[in-house]
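Structure data (compact mmCIF, C-alpha atoms) from upload22.txt:
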# COMPACT_ATOMS: atom_id res chain seq x y z
CA MET U 1 -27.53 -3.36 45.36
CA SER U 2 -31.30 -3.17 45.09
CA ALA U 3 -31.20 0.32 46.45
CA GLY U 4 -28.58 1.19 43.88
CA PHE U 5 -30.63 -0.41 41.16
CA LEU U 6 -33.57 1.76 42.03
CA ALA U 7 -31.36 4.80 42.17
CA ALA U 8 -29.93 4.01 38.77
CA SER U 9 -33.25 3.23 37.15
CA GLY U 10 -34.16 6.88 36.98
CA ASP U 11 -33.00 9.10 34.19
CA THR U 12 -30.13 10.48 36.22
CA PHE U 13 -27.37 8.38 37.74
CA THR U 14 -27.06 8.57 41.49
CA PRO U 15 -23.52 7.55 42.44
CA PRO U 16 -23.14 5.18 45.39
CA GLY U 17 -22.10 6.78 48.64
CA PRO U 18 -21.79 6.18 52.38
CA GLY U 19 -25.50 5.62 52.51
CA ASP U 20 -25.00 2.25 50.83
CA PHE U 21 -23.14 1.10 53.90
CA ASN U 22 -25.94 2.03 56.29
CA LEU U 23 -27.96 -1.12 55.77
CA PRO U 24 -31.37 -1.37 57.38
CA PRO U 25 -31.83 -3.81 60.22
CA VAL U 26 -33.50 -7.18 60.03
CA GLY U 27 -36.89 -6.66 61.65
CA PRO U 28 -38.30 -3.39 62.92
CA ASP U 29 -36.25 -0.39 61.96
CA LYS U 30 -36.44 2.09 64.79
CA THR U 31 -33.79 4.76 64.79
CA PHE U 32 -31.87 6.71 67.40
CA THR U 33 -29.55 9.67 67.24
CA PHE U 34 -25.88 9.42 68.14
CA LEU U 35 -23.38 12.24 67.69
CA GLY U 36 -25.84 14.13 65.54
CA GLN U 37 -26.45 11.19 63.26
CA GLU U 38 -29.57 9.11 62.97
CA MET U 39 -28.91 5.40 63.30
CA TYR U 40 -30.84 2.19 63.08
CA LEU U 41 -31.69 0.40 66.27
CA GLY U 42 -31.77 -3.30 65.53
CA VAL U 43 -29.81 -6.22 64.17
CA THR U 44 -28.15 -5.20 60.91
CA LYS U 45 -26.34 -7.21 58.29
CA PRO U 46 -22.78 -6.39 59.45
CA MET U 47 -23.77 -7.31 63.01
CA LEU U 48 -24.97 -10.70 61.83
CA GLN U 49 -21.88 -11.06 59.69
CA ILE U 50 -19.36 -10.47 62.42
CA VAL U 51 -21.09 -13.01 64.66
CA ILE U 52 -21.44 -15.62 61.91
CA PHE U 53 -17.95 -15.22 60.51
CA ALA U 54 -16.36 -15.18 63.93
CA GLY U 55 -18.19 -18.46 64.48
CA LEU U 56 -16.92 -19.81 61.16
CA ALA U 57 -13.38 -18.73 61.99
CA PHE U 58 -13.56 -20.58 65.28
CA ALA U 59 -15.17 -23.61 63.63
CA PHE U 60 -12.37 -23.74 61.07
CA LEU U 61 -9.62 -23.41 63.66
CA TYR U 62 -11.21 -25.85 66.06
CA LEU U 63 -12.01 -28.52 63.49
CA ALA U 64 -8.54 -28.19 62.02
CA SER U 65 -6.81 -28.48 65.38
CA ARG U 66 -9.10 -31.04 67.04
CA HIS U 67 -7.56 -34.27 65.79
CA ARG U 68 -3.97 -33.46 66.72
CA ALA U 69 -2.81 -36.02 64.19
CA MET U 70 0.92 -36.52 63.73
CA VAL U 71 0.31 -36.83 60.01
CA PRO U 72 -2.24 -34.09 59.31
CA GLY U 73 -5.22 -34.46 57.01
CA LYS U 74 -6.11 -31.74 54.53
CA LEU U 75 -8.08 -29.57 56.93
CA GLN U 76 -5.54 -29.93 59.68
CA TYR U 77 -2.78 -29.16 57.26
CA VAL U 78 -4.45 -25.93 56.11
CA GLY U 79 -5.19 -25.01 59.72
CA GLU U 80 -1.63 -25.69 60.83
CA ALA U 81 -0.17 -23.78 57.91
CA SER U 82 -2.30 -20.68 58.54
CA TYR U 83 -1.97 -20.88 62.32
CA GLY U 84 1.74 -21.45 61.96
CA PHE U 85 1.97 -18.48 59.61
CA VAL U 86 0.47 -16.14 62.24
CA ARG U 87 2.30 -17.80 65.09
CA ASN U 88 5.73 -17.80 63.47
CA SER U 89 5.98 -14.97 60.98
CA LEU U 90 3.75 -12.53 62.88
CA GLY U 91 4.35 -13.68 66.44
CA ARG U 92 7.72 -15.27 66.94
CA ASP U 93 9.68 -13.40 64.29
CA ILE U 94 8.46 -9.97 65.39
CA ILE U 95 7.85 -10.18 69.12
CA GLY U 96 10.82 -12.44 69.78
CA SER U 97 11.02 -16.10 70.60
CA HIS U 98 11.15 -15.90 74.39
CA ASP U 99 8.02 -13.84 74.91
CA PHE U 100 5.67 -14.34 72.01
CA MET U 101 3.54 -17.32 73.03
CA ARG U 102 1.31 -15.31 75.35
CA PHE U 103 0.35 -13.03 72.44
CA VAL U 104 -0.31 -15.78 69.94
CA PRO U 105 -3.98 -16.30 70.91
CA TYR U 106 -4.57 -12.58 70.47
CA LEU U 107 -2.84 -12.39 67.10
CA VAL U 108 -4.58 -15.53 65.86
CA THR U 109 -7.96 -14.20 66.96
CA ILE U 110 -7.40 -10.85 65.26
CA PHE U 111 -6.08 -12.35 62.07
CA PHE U 112 -8.81 -14.91 61.53
CA LEU U 113 -11.61 -12.60 62.64
CA LEU U 114 -10.49 -10.03 60.10
CA LEU U 115 -9.70 -12.51 57.36
CA PHE U 116 -13.04 -14.29 57.49
CA ASN U 117 -15.02 -11.07 57.76
CA ASN U 118 -13.06 -9.39 54.99
CA TRP U 119 -13.55 -12.31 52.67
CA ALA U 120 -17.24 -12.12 53.41
CA ALA U 121 -17.22 -9.16 51.06
CA THR U 122 -16.39 -11.50 48.19
CA ILE U 123 -18.72 -14.38 49.03
CA PRO U 124 -21.69 -14.22 46.64
CA PHE U 125 -24.96 -12.98 48.13
CA ILE U 126 -23.18 -11.75 51.24
CA GLN U 127 -20.81 -9.36 49.52
CA PHE U 128 -20.51 -6.82 52.26
CA PRO U 129 -17.29 -6.07 54.12
CA THR U 130 -18.04 -6.29 57.82
CA PHE U 131 -15.28 -3.88 58.71
CA SER U 132 -16.53 -1.13 56.47
CA ARG U 133 -18.53 -0.26 59.58
CA THR U 134 -16.38 2.00 61.75
CA GLY U 135 -18.06 0.88 64.97
CA LEU U 136 -16.69 -2.63 64.60
CA VAL U 137 -13.23 -1.37 63.66
CA TYR U 138 -12.93 1.16 66.49
CA GLY U 139 -13.56 -1.56 69.02
CA LEU U 140 -10.69 -3.68 67.71
CA ALA U 141 -8.35 -0.69 67.49
CA ALA U 142 -9.18 0.26 71.07
CA ILE U 143 -8.41 -3.27 72.23
CA SER U 144 -5.10 -3.15 70.38
CA TRP U 145 -4.20 0.19 71.99
CA LEU U 146 -5.07 -1.09 75.46
CA ILE U 147 -3.08 -4.30 75.00
CA TYR U 148 0.20 -2.89 73.78
CA ASN U 149 0.18 -0.07 76.28
CA TYR U 150 -0.75 -2.46 79.09
CA VAL U 151 2.05 -4.92 78.40
CA GLY U 152 4.51 -2.03 77.94
CA ILE U 153 3.61 -0.36 81.24
CA LYS U 154 3.60 -3.71 83.02
CA LYS U 155 7.11 -4.42 81.81
CA HIS U 156 8.78 -0.99 82.10
CA GLY U 157 6.58 0.89 84.55
CA LEU U 158 4.57 3.93 83.47
CA LEU U 159 7.48 6.38 83.25
CA GLY U 160 9.90 3.89 81.79
CA TYR U 161 7.35 2.93 79.18
CA ILE U 162 6.60 6.54 78.20
CA LYS U 163 10.31 7.20 77.96
CA LEU U 164 10.75 4.09 75.82
CA GLN U 165 8.02 5.17 73.47
CA CYS U 166 8.90 8.88 73.32
CA VAL U 167 12.69 9.07 73.33
CA PRO U 168 14.27 7.30 70.38
CA SER U 169 17.57 5.66 71.13
CA GLY U 170 20.69 7.62 70.39
CA VAL U 171 18.97 11.00 70.15
CA THR U 172 20.31 13.68 72.51
CA GLY U 173 20.38 17.41 72.72
CA PRO U 174 17.85 20.09 71.84
CA ILE U 175 16.36 18.08 68.99
CA LEU U 176 14.56 16.13 71.71
CA VAL U 177 12.27 19.11 72.17
CA LEU U 178 10.98 18.42 68.72
CA ILE U 179 11.22 14.64 68.71
CA VAL U 180 9.58 13.80 72.01
CA PRO U 181 6.17 15.36 71.33
CA LEU U 182 6.16 13.88 67.84
CA GLU U 183 7.01 10.42 69.10
CA PHE U 184 4.46 10.69 71.89
CA PHE U 185 1.79 11.74 69.46
CA SER U 186 2.72 9.14 66.89
CA ASN U 187 3.25 6.15 69.17
CA LEU U 188 0.69 6.67 71.88
CA VAL U 189 -2.10 8.73 70.36
CA VAL U 190 -2.36 8.26 66.62
CA ARG U 191 -1.66 4.55 66.34
CA PRO U 192 -5.15 3.25 67.12
CA VAL U 193 -6.63 5.88 64.80
CA THR U 194 -4.44 4.95 61.85
CA LEU U 195 -4.92 1.28 62.61
CA ALA U 196 -8.69 1.67 62.52
CA LEU U 197 -8.81 4.00 59.54
CA ARG U 198 -6.50 1.86 57.44
CA LEU U 199 -8.73 -1.16 57.79
CA PHE U 200 -11.97 0.76 57.53
CA CYS U 201 -10.93 2.82 54.50
CA ASN U 202 -9.67 -0.16 52.55
CA MET U 203 -12.85 -2.12 53.13
CA PHE U 204 -15.06 0.91 52.55
CA ALA U 205 -13.31 2.11 49.42
CA GLY U 206 -13.02 -1.34 47.93
CA HIS U 207 -16.69 -1.99 48.32
CA LEU U 208 -17.57 1.46 47.02
CA LEU U 209 -15.43 0.84 43.97
CA LEU U 210 -17.20 -2.43 43.27
CA ILE U 211 -20.62 -0.82 43.63
CA LEU U 212 -19.54 1.97 41.34
CA PHE U 213 -18.37 -0.39 38.62
CA ALA U 214 -21.48 -2.53 38.91
CA LEU U 215 -24.03 0.26 38.99
CA GLY U 216 -22.16 2.48 36.55
CA GLY U 217 -21.87 -0.34 34.05
CA GLU U 218 -25.52 -1.17 34.49
CA TYR U 219 -26.55 2.45 33.99
CA LEU U 220 -24.42 2.83 30.89
CA LEU U 221 -25.84 -0.36 29.42
CA LEU U 222 -29.46 0.45 30.18
CA HIS U 223 -29.58 4.20 29.72
CA GLY U 224 -26.47 5.18 27.82
CA SER U 225 -26.38 5.81 24.10
CA LEU U 226 -25.23 3.04 21.79
CA LEU U 227 -21.71 4.42 21.70
CA VAL U 228 -21.11 4.20 25.45
CA LYS U 229 -22.73 0.82 25.93
CA PRO U 230 -19.41 -1.03 25.35
CA VAL U 231 -17.98 1.08 28.16
CA GLY U 232 -20.63 -0.42 30.39
CA ILE U 233 -19.38 -3.88 29.46
CA LEU U 234 -15.84 -2.75 30.12
CA ALA U 235 -16.97 -1.54 33.54
CA TRP U 236 -18.31 -4.99 34.33
CA VAL U 237 -15.08 -6.62 33.19
CA LEU U 238 -13.23 -4.25 35.48
CA PHE U 239 -15.71 -5.09 38.22
CA ILE U 240 -14.58 -8.71 38.03
CA ALA U 241 -10.91 -7.74 37.91
CA VAL U 242 -11.28 -5.41 40.88
CA ALA U 243 -13.15 -8.11 42.77
CA PHE U 244 -10.06 -10.32 42.45
CA LEU U 245 -7.88 -7.43 43.54
CA GLU U 246 -10.20 -7.01 46.50
CA LEU U 247 -9.63 -10.62 47.51
CA LEU U 248 -5.95 -9.81 47.80
CA ILE U 249 -6.59 -6.55 49.64
CA GLN U 250 -8.94 -8.28 52.05
CA PHE U 251 -6.23 -10.73 52.95
CA LEU U 252 -3.57 -8.03 53.10
CA GLN U 253 -5.59 -5.85 55.45
CA ALA U 254 -6.09 -8.73 57.85
CA TYR U 255 -2.36 -9.40 57.61
CA VAL U 256 -1.31 -5.77 58.05
CA PHE U 257 -3.64 -5.19 60.98
CA THR U 258 -2.21 -8.25 62.75
CA LEU U 259 1.34 -7.37 61.75
CA LEU U 260 1.04 -3.86 63.16
CA ASN U 261 -0.42 -5.22 66.37
CA ALA U 262 2.55 -7.53 66.68
CA MET U 263 4.96 -4.67 65.99
CA TYR U 264 3.30 -2.40 68.55
CA ILE U 265 3.53 -5.17 71.14
CA ALA U 266 7.13 -5.87 70.16
CA GLY U 267 7.98 -2.18 70.55
CA ALA U 268 6.24 -2.03 73.92
CA VAL U 269 7.94 -5.09 75.43
CA ALA U 270 11.31 -4.37 73.83
CA ASP U 271 14.29 -4.13 76.14
CA GLU U 272 15.50 -0.61 76.72
CA HIS U 273 17.98 0.50 74.14
CA MET T 1 -34.15 1.70 49.65
CA LYS T 2 -34.52 2.83 53.19
CA SER T 3 -30.85 3.72 53.32
CA ILE T 4 -31.08 5.93 50.31
CA ASN T 5 -34.07 7.69 51.79
CA LEU T 6 -32.26 8.12 55.05
CA ALA T 7 -29.19 9.43 53.32
CA ALA T 8 -31.25 11.75 51.25
CA GLY T 9 -33.17 12.91 54.28
CA GLU T 10 -30.23 13.62 56.53
CA GLY T 11 -27.70 14.78 53.96
CA GLU T 12 -24.46 12.83 53.55
CA LEU T 13 -23.86 10.26 56.24
CA ASN T 14 -20.52 10.49 57.92
CA PRO T 15 -19.21 6.93 57.91
CA LEU T 16 -16.52 7.80 60.42
CA ILE T 17 -19.06 8.24 63.17
CA PRO T 18 -19.40 4.82 64.72
CA HIS T 19 -22.53 2.97 65.57
CA PRO T 20 -22.28 2.52 69.36
CA ILE T 21 -23.95 -0.88 69.39
CA GLU T 22 -21.45 -2.07 66.80
CA ILE T 23 -18.54 -1.01 69.00
CA VAL T 24 -19.89 -3.07 71.86
CA LEU T 25 -20.73 -5.97 69.59
CA GLY T 26 -17.31 -5.92 67.93
CA VAL T 27 -15.56 -5.99 71.29
CA VAL T 28 -17.80 -8.74 72.64
CA VAL T 29 -17.42 -10.92 69.55
CA PHE T 30 -13.68 -10.39 69.61
CA GLY T 31 -13.53 -11.26 73.30
CA LEU T 32 -15.54 -14.45 72.87
CA LEU T 33 -13.50 -15.54 69.89
CA TYR T 34 -10.33 -14.78 71.84
CA LEU T 35 -11.41 -16.93 74.75
CA LEU T 36 -12.40 -19.79 72.47
CA VAL T 37 -9.17 -19.59 70.49
CA LYS T 38 -7.09 -19.43 73.65
CA LYS T 39 -8.89 -22.33 75.28
CA PHE T 40 -9.51 -24.71 72.39
CA VAL T 41 -7.41 -23.81 69.39
CA VAL T 42 -3.96 -22.71 70.53
CA PRO T 43 -3.41 -25.59 73.01
CA ASN T 44 -4.43 -28.11 70.36
CA PHE T 45 -2.07 -26.74 67.76
CA GLU T 46 0.77 -26.26 70.22
CA GLU T 47 0.41 -29.79 71.56
CA THR T 48 0.40 -31.14 68.05
CA PHE T 49 3.54 -29.18 67.20
CA ALA T 50 5.25 -30.22 70.40
CA ALA T 51 4.26 -33.85 69.96
CA ARG T 52 5.49 -33.78 66.40
CA THR T 53 8.79 -32.23 67.44
CA THR T 54 9.16 -34.84 70.17
CA ALA T 55 8.29 -37.62 67.75
CA ILE T 56 10.82 -36.42 65.22
CA GLU T 57 13.51 -35.94 67.82
CA GLY T 58 12.67 -39.30 69.37
CA GLY T 59 12.83 -40.94 65.99
CA LEU T 60 16.18 -39.36 65.28
CA LYS T 61 17.49 -40.41 68.67
CA ALA T 62 16.23 -43.96 68.19
CA ALA T 63 17.83 -44.06 64.78
CA GLU T 64 21.10 -42.82 66.24
CA THR T 65 20.98 -45.47 68.96
CA LYS T 66 20.25 -48.17 66.42
CA GLN T 67 23.10 -46.93 64.25
CA ALA T 68 25.50 -46.95 67.17
CA GLU T 69 24.38 -50.46 68.11
CA ALA T 70 24.85 -51.63 64.57
CA ASP T 71 28.30 -50.06 64.44
CA ALA T 72 29.28 -51.72 67.69
CA LYS T 73 27.98 -55.06 66.46
CA LEU T 74 29.87 -54.70 63.23
CA ALA T 75 33.09 -53.83 65.03
CA GLU T 76 32.60 -56.78 67.33
CA LEU T 77 32.01 -59.14 64.44
CA GLU T 78 35.03 -57.82 62.60
CA GLN T 79 37.08 -58.29 65.74
CA GLN T 80 35.81 -61.84 66.06
CA LEU T 81 36.58 -62.51 62.43
CA ALA T 82 40.10 -61.17 62.83
CA ASP T 83 40.56 -63.27 65.97
CA ALA T 84 39.32 -66.35 64.16
CA ARG T 85 41.67 -65.72 61.27
CA HIS T 86 44.54 -65.21 63.66
CA GLU T 87 43.65 -68.39 65.51
CA ALA T 88 43.42 -70.35 62.29
CA ALA T 89 46.81 -69.08 61.17
CA ARG T 90 48.28 -69.97 64.53
CA ILE T 91 46.81 -73.46 64.44
CA ARG T 92 48.03 -74.00 60.92
CA GLU T 93 51.50 -72.89 61.90
CA GLU T 94 51.47 -75.13 64.93
CA ALA T 95 50.30 -78.08 62.89
CA ARG T 96 53.02 -77.47 60.36
CA GLU T 97 55.64 -77.37 63.09
CA GLN T 98 54.24 -80.46 64.73
CA GLY T 99 54.17 -82.28 61.41
CA ALA T 100 57.76 -81.36 60.74
CA THR T 101 58.74 -82.51 64.22
CA ILE T 102 56.91 -85.79 63.80
CA VAL T 103 58.48 -86.42 60.42
CA ALA T 104 61.93 -85.72 61.80
CA GLU T 105 61.32 -87.96 64.79
CA MET T 106 60.08 -90.76 62.61
CA ARG T 107 63.03 -90.41 60.36
CA ASP T 108 65.43 -90.63 63.30
CA GLN T 109 63.60 -93.60 64.67
CA ALA T 110 63.68 -95.39 61.35
CA GLN T 111 67.33 -94.60 60.97
CA ALA T 112 68.12 -95.97 64.39
CA GLU T 113 66.02 -99.03 63.78
CA SER T 114 67.68 -99.77 60.48
CA THR T 115 71.10 -99.22 61.99
CA ARG T 116 70.18 -101.51 64.85
CA ILE T 117 68.92 -104.22 62.48
CA VAL T 118 71.99 -103.95 60.32
CA GLU T 119 74.23 -104.13 63.39
CA SER T 120 72.50 -107.15 64.84
CA GLY T 121 72.54 -108.85 61.43
CA LYS T 122 76.24 -108.23 61.14
CA ALA T 123 76.85 -109.54 64.66
CA GLN T 124 74.79 -112.67 64.01
CA ILE T 125 76.59 -113.30 60.74
CA GLU T 126 79.91 -112.85 62.48
CA ALA T 127 78.94 -115.25 65.27
CA GLU T 128 77.66 -117.83 62.85
CA ARG T 129 80.77 -117.52 60.78
CA GLN T 130 82.89 -117.90 63.89
CA GLN T 131 80.92 -120.95 64.88
CA ALA T 132 81.22 -122.35 61.38
CA VAL T 133 84.96 -121.67 61.36
CA THR T 134 85.39 -123.37 64.72
CA SER T 135 83.34 -126.42 63.82
CA LEU T 136 84.88 -126.57 60.38
CA ARG T 137 88.33 -126.36 61.88
CA ALA T 138 87.66 -129.26 64.17
CA GLU T 139 85.88 -131.26 61.52
CA VAL T 140 88.36 -130.47 58.78
CA GLY T 141 91.19 -131.33 61.19
CA ALA T 142 89.58 -134.67 62.08
CA LEU T 143 88.72 -135.43 58.51
CA ALA T 144 92.12 -134.49 57.24
CA THR T 145 93.84 -136.38 60.01
CA GLY T 146 91.73 -139.42 59.39
CA LEU T 147 92.36 -139.18 55.74
CA ALA T 148 96.07 -138.56 56.14
CA GLY T 149 96.31 -141.37 58.73
CA ARG T 150 94.72 -143.71 56.38
CA ILE T 151 97.07 -142.63 53.61
CA VAL T 152 100.25 -142.43 55.63
CA GLY T 153 99.60 -145.30 58.01
CA GLU T 154 99.93 -145.83 61.73
CA SER T 155 103.01 -143.66 62.14
CA LEU T 156 101.06 -140.62 62.47
CA ASP T 157 99.13 -141.85 65.49
CA ASP T 158 101.45 -140.09 67.74
CA GLU T 159 99.47 -137.22 69.24
CA ALA T 160 102.16 -134.58 69.04
CA ARG T 161 103.07 -135.22 65.57
CA GLN T 162 99.56 -135.35 64.43
CA SER T 163 98.84 -132.01 65.94
CA ARG T 164 101.84 -130.44 64.39
CA VAL T 165 101.06 -131.76 60.97
CA VAL T 166 97.51 -130.54 61.20
CA GLU T 167 98.53 -127.13 62.33
CA ARG T 168 100.93 -126.79 59.55
CA PHE T 169 98.41 -127.99 57.12
CA LEU T 170 95.88 -125.46 58.25
CA ALA T 171 98.37 -122.65 58.19
CA GLU T 172 99.13 -123.53 54.66
CA LEU T 173 95.46 -123.55 53.88
CA GLU T 174 95.01 -120.09 55.36
CA THR T 175 97.92 -118.54 53.63
CA GLY T 176 96.52 -119.84 50.40
CA ALA T 177 99.41 -122.16 49.64
CA PRO T 178 97.62 -125.46 49.36
CA GLY T 179 100.70 -127.48 48.59
CA GLY T 180 100.05 -130.28 51.08
CA VAL T 181 96.53 -131.19 50.00
CA ASN T 182 96.82 -130.87 46.32
Using structure tokens, write down the structure that the file contains.
Amino acid sequence: MSAGFLAASGDTFTPPGPGDFNLPPVGPDKTFTFLGQEMYLGVTKPMLQIVIFAGLAFAFLYLASRHRAMVPGKLQYVGEASYGFVRNSLGRDIIGSHDFMRFVPYLVTIFFLLLFNNWAATIPFIQFPTFSRTGLVYGLAAISWLIYNYVGIKKHGLLGYIKLQCVPSGVTGPILVLIVPLEFFSNLVVRPVTLALRLFCNMFAGHLLLILFALGGEYLLLHGSLLVKPVGILAWVLFIAVAFLELLIQFLQAYVFTLLNAMYIAGAVADEH
Amino acid sequence: MKSINLAAGEGELNPLIPHPIEIVLGVVVFGLLYLLVKKFVVPNFEETFAARTTAIEGGLKAAETKQAEADAKLAELEQQLADARHEAARIREEAREQGATIVAEMRDQAQAESTRIVESGKAQIEAERQQAVTSLRAEVGALATGLAGRIVGESLDDEARQSRVVERFLAELETGAPGGVN
């Protein structure tokens, strides 16, 4: 924000861009080059965030589950409700009741890691979505890809699994020439990419939108003519409204990411049609 | 500020190009969280759920057992009550029969007794009357004879005559023709 403030304090308005997501590290800011892009070498804000919010997620889950009371207290009740939500509606209902328990730890981890880190973008003074950094997202998407392919191959064998993923049930004849490459591409190649981009883009765009409303409103109020000053106020009102919308999106993205993981696993361990 | 300078210096950053350290960090943090969740969180929740399910099922089972016991007890008590009622009715019936029997017996006995008393009374009266008749006959005969002898004189001392006269006299008395005496 301070960078944006400086940018906006000039006579011309500099719109926020990807640069606002490349936060400088805490401590010395050496740089290195990776894939033609200069990057900071050091501990940056999103790095701290993912560690801290993963810790908070675990603290919440552990404290909520520790007492094992028959009649739950408030914290345990919230913990059980949210854990039960992931376990039942994302795990059991999608993967199937005989096989889902071994994936529950994974789904719970993913869901709460994403939820806590996404909501970090709304917590005052933190206000930065951890997963607007592609590096953090790619790692999770890669893990997802490895897991669903691993359990699929383990269950059906390599060829059986590829056949399961590439040949839709009930399709025969020459159309297969068209379908099989598409299915292969869609189910085995593109999935981790879409999974990662969906999360990243939502977090990135949401944050960008908030910066735009905040800085744009500020610029209009400070430097705009009298006539456009009310528009600056309107921008700030919208900033607040969009921030609430973001809360919903942050939850939804955590939910969708976990849901898709569950569906990929369900598809991989499904019995042959 | 630095970021803006960097962005300005290098042209637009491509946000799709990942930071390699972040990839590693993301995977490591995920892995650690996964291990912690798997070891500490999921077993706790699952045990709580299982224990709760068991408790609820146990409670339901206990309630069912209690209900069944109560039902059995109730049936038993009702059976006992019915038995008792039956028994009471039987006893009452028996008592009524016994009472009737006793009354009948007593009545018979009383009847017999009264008959016996009446009979013996009659017999005694008859005997006494007979005795009285006999003694009267002798006495009346003697008296009458004495009286007649005194009136008529010595002629009637003859035994045979005397007897005849007396007999005749008595026969007249019995037939209700008291000609001789009056």
Need to verify the contact set: Leu41 of chain U, 12 Å, only C-alpha atoms, exclusion of same-chain residues closer than 6 positions in sequence. Can you return it as JSON, numbers by chain? {"U": [22, 23, 24, 25, 26, 27, 28, 29, 30, 31, 32, 33, 34, 47], "T": [19, 20, 21, 22]}
Write the residues you've just listed into a file as a CSV table (one decimal), keeping the file's coordinate frame, and include C-alpha atoms for each of them.
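Below is the file that was written, result.csv:
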chain,number,residue,atom,x,y,z
U,22,ASN,CA,-25.9,2.0,56.3
U,23,LEU,CA,-28.0,-1.1,55.8
U,24,PRO,CA,-31.4,-1.4,57.4
U,25,PRO,CA,-31.8,-3.8,60.2
U,26,VAL,CA,-33.5,-7.2,60.0
U,27,GLY,CA,-36.9,-6.7,61.6
U,28,PRO,CA,-38.3,-3.4,62.9
U,29,ASP,CA,-36.2,-0.4,62.0
U,30,LYS,CA,-36.4,2.1,64.8
U,31,THR,CA,-33.8,4.8,64.8
U,32,PHE,CA,-31.9,6.7,67.4
U,33,THR,CA,-29.6,9.7,67.2
U,34,PHE,CA,-25.9,9.4,68.1
U,47,MET,CA,-23.8,-7.3,63.0
T,19,HIS,CA,-22.5,3.0,65.6
T,20,PRO,CA,-22.3,2.5,69.4
T,21,ILE,CA,-24.0,-0.9,69.4
T,22,GLU,CA,-21.4,-2.1,66.8
Chain T near chain U within 7 Å: what's each residue's closest atom pair and its distance in Å to one decimal, counting all atoms listed in the file, ordered by chain then ascending residue number, as JSON lines?
{"residue": "T:Met1", "atom": "CA", "partner": "U:Ala3", "partner_atom": "CA", "distance": 4.6}
{"residue": "T:Lys2", "atom": "CA", "partner": "U:Pro24", "partner_atom": "CA", "distance": 6.7}
{"residue": "T:Ser3", "atom": "CA", "partner": "U:Gly19", "partner_atom": "CA", "distance": 5.7}
{"residue": "T:Ile4", "atom": "CA", "partner": "U:Gly19", "partner_atom": "CA", "distance": 6.0}
{"residue": "T:Ala7", "atom": "CA", "partner": "U:Gly19", "partner_atom": "CA", "distance": 5.4}
{"residue": "T:Leu13", "atom": "CA", "partner": "U:Pro18", "partner_atom": "CA", "distance": 6.0}
{"residue": "T:Pro15", "atom": "CA", "partner": "U:Pro18", "partner_atom": "CA", "distance": 6.1}
{"residue": "T:Leu16", "atom": "CA", "partner": "U:Thr134", "partner_atom": "CA", "distance": 6.0}
{"residue": "T:Ile17", "atom": "CA", "partner": "U:Thr134", "partner_atom": "CA", "distance": 6.9}
{"residue": "T:Pro18", "atom": "CA", "partner": "U:Gly135", "partner_atom": "CA", "distance": 4.2}
{"residue": "T:His19", "atom": "CA", "partner": "U:Gly135", "partner_atom": "CA", "distance": 5.0}
{"residue": "T:Pro20", "atom": "CA", "partner": "U:Gly135", "partner_atom": "CA", "distance": 6.3}
{"residue": "T:Glu22", "atom": "CA", "partner": "U:Gly135", "partner_atom": "CA", "distance": 4.9}
{"residue": "T:Ile23", "atom": "CA", "partner": "U:Gly135", "partner_atom": "CA", "distance": 4.5}
{"residue": "T:Gly26", "atom": "CA", "partner": "U:Leu136", "partner_atom": "CA", "distance": 4.7}
{"residue": "T:Val27", "atom": "CA", "partner": "U:Gly139", "partner_atom": "CA", "distance": 5.4}
{"residue": "T:Val29", "atom": "CA", "partner": "U:Val51", "partner_atom": "CA", "distance": 6.5}
{"residue": "T:Leu33", "atom": "CA", "partner": "U:Thr109", "partner_atom": "CA", "distance": 6.4}
{"residue": "T:Tyr34", "atom": "CA", "partner": "U:Thr109", "partner_atom": "CA", "distance": 5.5}
{"residue": "T:Val37", "atom": "CA", "partner": "U:Pro105", "partner_atom": "CA", "distance": 6.2}
{"residue": "T:Lys38", "atom": "CA", "partner": "U:Pro105", "partner_atom": "CA", "distance": 5.2}
{"residue": "T:Phe40", "atom": "CA", "partner": "U:Tyr62", "partner_atom": "CA", "distance": 6.7}
{"residue": "T:Val41", "atom": "CA", "partner": "U:Tyr62", "partner_atom": "CA", "distance": 5.4}
{"residue": "T:Val42", "atom": "CA", "partner": "U:Pro105", "partner_atom": "CA", "distance": 6.4}
{"residue": "T:Asn44", "atom": "CA", "partner": "U:Ser65", "partner_atom": "CA", "distance": 5.5}
{"residue": "T:Phe45", "atom": "CA", "partner": "U:Ser65", "partner_atom": "CA", "distance": 5.6}
{"residue": "T:Thr48", "atom": "CA", "partner": "U:Arg68", "partner_atom": "CA", "distance": 5.1}
{"residue": "T:Arg52", "atom": "CA", "partner": "U:Met70", "partner_atom": "CA", "distance": 6.0}
Could you check the closest approach to Val242 of chain U for each of U:Phe100, U:Tyr264, U:Phe213, U:Tyr219 and tell me which residue wins, using all atoms listed in the file?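 Residue with the minimum atom-to-atom distance to Val242 of chain U: U:Phe213.
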Between atom CA of Gly96 of chain U and atom CA of Trp119 of chain U, measure the distance and give it in Å to one decimal.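 Interatomic distance, atom CA of Gly96 of chain U to atom CA of Trp119 of chain U: 29.8 Å.
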What's the separation between atom CA of Ser169 of chain U and atom CA of Tyr148 of chain U, in Å to one decimal place?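 Separation of atom CA of Ser169 of chain U and atom CA of Tyr148 of chain U: 19.5 Å.
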Record the distance separating atom CA of Phe53 of chain U and atom CA of Pro43 of chain T, expressed in Å with one decimal.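 Spanning atom CA of Phe53 of chain U to atom CA of Pro43 of chain T is a straight-line distance of 21.8 Å.
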Give as an NGL selection string the set of residues within 10 Å of the point (-20.9, -5.8, 32.4), where distances use the file's coordinates and only C-alpha atoms. :U and (213-218 or 220-221 or 229-240)
